[in-house]
Amino acid sequence: MVAEYYIDRTGDVKKAKNFYGRALSLASQCNSDVAQGRALSGLAAIEWLCGNYSEGLRLAREVQRLAVTTGNIIGECNGVRRQALCYSSLGDFKRSMQLLCEGKELVV
């Protein structure tokens with residue numbers, strides 16, 4: 001994704017967020033659940049990076065919900081991981097550890 005380039009290579013969060021938003025819009029129009037999940041995951045990562053943990057958590061939950069609905073195990077792991085990062089940053093280490101255990105079970 002172009003958005004990943006702007007985050008990884010240039011550090012331009014604003015442009016990355018814009019491209020993830022565009023990707024989400026296109027994925028919704030095309031009814032692509034995988035692409036939608038990927039764009040939502042990117043937006044969740046940006047919110048976490050910017051310290052907007054509650055919004056990152058909301059987006060990460062949506063990633064997981066969408067992945068569970070479509071049977072996308074990788075997407076589900078991604079949603080769980082993003083949630084764990086947000087909970088850890090919010091200081092809820094117990095919930096973060098529960099999510100990491102849940103993610104571990106998904107991998108197994």
# chains A, B, ... in the order shown; residues from 1 in each chain; ligands from 1
$ residues_around --residues "Tyr5 (chain A)" --least-positions-apart "5" --cutoff "10 Å" --atoms "only C-alpha atoms" --output "number ranges by chain"
A: 10-12, 15-16
$ residues_around --residues "Cys77 (chain A)" --least-positions-apart "3" --cutoff "7 Å" --atoms "only C-alpha atoms" --output "list of chain:residue names"
A:Ile73, A:Ile74, A:Val80, A:Arg81, A:Gly103, A:Leu106
$ write_last_selection --atoms "C-alpha atoms" --output "JSON list (two decimals), in the first residue's frame"
[["chain", "number", "residue", "atom", "x", "y", "z"],
["A", 73, "ILE", "CA", -7.05, -15.63, 10.77],
["A", 74, "ILE", "CA", -4.18, -13.29, 9.83],
["A", 80, "VAL", "CA", -5.70, -8.70, 18.48],
["A", 81, "ARG", "CA", -2.09, -7.48, 18.32],
["A", 103, "GLY", "CA", -3.40, -14.24, 19.71],
["A", 106, "LEU", "CA", -4.90, -18.23, 17.03]]
$ select_by_dssp --residues "chain A" --states "alpha helix (DSSP H)" --output "MDAnalysis selection string"
chainID A and resid 2:5 13:30 33:49 53:70 73:90 93:107
$ closest_residue --among "A:Ala35, A:Leu90, A:Leu49, A:Cys101" --to "Asn72 (chain A)" --atoms "only C-alpha atoms"
A:Ala35
$ residues_around --residues "Val63 (chain A)" --least-positions-apart "6" --cutoff "8 Å" --atoms "only C-alpha atoms" --output "ChimeraX atom specification"
/A:37-38,40-41,75-76,78-79
$ write_last_selection --atoms "all heavy atoms" --output "compact mmCIF listing (two decimals), in the first residue's frame"
# COMPACT_ATOMS: atom_id res chain seq x y z
N GLY A 37 -10.06 -4.57 6.09
CA GLY A 37 -9.35 -4.89 7.32
C GLY A 37 -7.93 -4.36 7.32
O GLY A 37 -7.44 -3.87 8.33
N ARG A 38 -7.28 -4.46 6.18
CA ARG A 38 -5.90 -3.97 6.08
C ARG A 38 -5.84 -2.45 6.25
O ARG A 38 -4.96 -1.93 6.93
CB ARG A 38 -5.35 -4.38 4.72
CG ARG A 38 -3.88 -4.31 4.64
CD ARG A 38 -3.36 -5.06 3.43
NE ARG A 38 -1.99 -4.67 3.23
CZ ARG A 38 -1.36 -4.73 2.10
NH1 ARG A 38 -1.97 -5.18 1.03
NH2 ARG A 38 -0.11 -4.36 1.99
N LEU A 40 -8.11 -0.57 7.81
CA LEU A 40 -8.47 -0.29 9.21
C LEU A 40 -7.29 -0.55 10.14
O LEU A 40 -7.05 0.20 11.08
CB LEU A 40 -9.67 -1.13 9.64
CG LEU A 40 -11.03 -0.69 9.12
CD1 LEU A 40 -12.07 -1.77 9.38
CD2 LEU A 40 -11.44 0.63 9.77
N SER A 41 -6.56 -1.62 9.87
CA SER A 41 -5.39 -1.95 10.68
C SER A 41 -4.33 -0.85 10.58
O SER A 41 -3.71 -0.48 11.57
CB SER A 41 -4.82 -3.30 10.24
OG SER A 41 -3.74 -3.66 11.06
N GLY A 75 -5.85 -11.56 9.67
CA GLY A 75 -6.48 -10.30 10.05
C GLY A 75 -6.90 -10.28 11.51
O GLY A 75 -6.76 -9.27 12.21
N GLU A 76 -7.40 -11.42 11.98
CA GLU A 76 -7.79 -11.52 13.38
C GLU A 76 -6.58 -11.35 14.30
O GLU A 76 -6.64 -10.63 15.30
CB GLU A 76 -8.47 -12.87 13.64
CG GLU A 76 -9.16 -12.95 14.96
CD GLU A 76 -9.93 -14.25 15.14
OE1 GLU A 76 -10.12 -15.00 14.17
OE2 GLU A 76 -10.36 -14.51 16.29
N ASN A 78 -3.89 -9.75 13.60
CA ASN A 78 -3.50 -8.34 13.50
C ASN A 78 -4.36 -7.47 14.40
O ASN A 78 -3.85 -6.58 15.08
CB ASN A 78 -3.59 -7.90 12.04
CG ASN A 78 -2.57 -6.89 11.67
OD1 ASN A 78 -1.76 -6.46 12.48
ND2 ASN A 78 -2.60 -6.48 10.41
N GLY A 79 -5.68 -7.70 14.39
CA GLY A 79 -6.57 -6.93 15.25
C GLY A 79 -6.28 -7.14 16.72
O GLY A 79 -6.25 -6.19 17.51
$ atom_distance --atom1 "CA of Gly42 (chain A)" --atom2 "CA of Ala27 (chain A)"
13.3 Å
$ residues_around --residues "region 83-88 of chain A" --least-positions-apart "6" --cutoff "8 Å" --atoms "only C-alpha atoms" --output "number ranges by chain"
A: 48, 53-54, 56-57, 60-61, 95-97, 99-100
$ write_last_selection --atoms "N, CA and C atoms" --output "mmCIF file, in the first residue's frame"
data_model
loop_
_atom_site.group_PDB
_atom_site.id
_atom_site.type_symbol
_atom_site.label_atom_id
_atom_site.label_comp_id
_atom_site.auth_asym_id
_atom_site.auth_seq_id
_atom_site.Cartn_x
_atom_site.Cartn_y
_atom_site.Cartn_z
ATOM 1 N N TRP A 48 -2.454 4.619 17.196
ATOM 2 C CA TRP A 48 -1.601 4.178 18.301
ATOM 3 C C TRP A 48 -0.287 4.957 18.316
ATOM 4 N N TYR A 53 -4.894 6.261 21.775
ATOM 5 C CA TYR A 53 -5.064 4.845 22.071
ATOM 6 C C TYR A 53 -6.514 4.386 22.044
ATOM 7 N N SER A 54 -7.426 5.209 22.496
ATOM 8 C CA SER A 54 -8.841 4.821 22.484
ATOM 9 C C SER A 54 -9.348 4.639 21.061
ATOM 10 N N GLY A 56 -7.420 4.055 18.424
ATOM 11 C CA GLY A 56 -6.692 2.895 17.901
ATOM 12 C C GLY A 56 -7.338 1.597 18.348
ATOM 13 N N LEU A 57 -7.772 1.567 19.592
ATOM 14 C CA LEU A 57 -8.432 0.392 20.140
ATOM 15 C C LEU A 57 -9.764 0.133 19.431
ATOM 16 N N ALA A 60 -8.948 -1.237 16.025
ATOM 17 C CA ALA A 60 -8.405 -2.599 16.134
ATOM 18 C C ALA A 60 -9.510 -3.611 16.422
ATOM 19 N N ARG A 61 -10.477 -3.221 17.236
ATOM 20 C CA ARG A 61 -11.618 -4.109 17.490
ATOM 21 C C ARG A 61 -12.406 -4.344 16.211
ATOM 22 N N ARG A 95 -5.229 -6.894 30.576
ATOM 23 C CA ARG A 95 -6.002 -7.108 29.343
ATOM 24 C C ARG A 95 -5.075 -7.324 28.158
ATOM 25 N N SER A 96 -3.963 -6.604 28.140
ATOM 26 C CA SER A 96 -2.988 -6.767 27.068
ATOM 27 C C SER A 96 -2.456 -8.198 27.041
ATOM 28 N N MET A 97 -2.141 -8.737 28.199
ATOM 29 C CA MET A 97 -1.634 -10.115 28.278
ATOM 30 C C MET A 97 -2.711 -11.124 27.874
ATOM 31 N N LEU A 99 -5.051 -10.637 25.696
ATOM 32 C CA LEU A 99 -5.133 -10.573 24.241
ATOM 33 C C LEU A 99 -3.941 -11.274 23.584
ATOM 34 N N LEU A 100 -2.768 -11.122 24.165
ATOM 35 C CA LEU A 100 -1.597 -11.801 23.608
ATOM 36 C C LEU A 100 -1.746 -13.317 23.703
#
$ atom_distance --atom1 "CA of Ala23 (chain A)" --atom2 "CA of Cys50 (chain A)"
19.9 Å
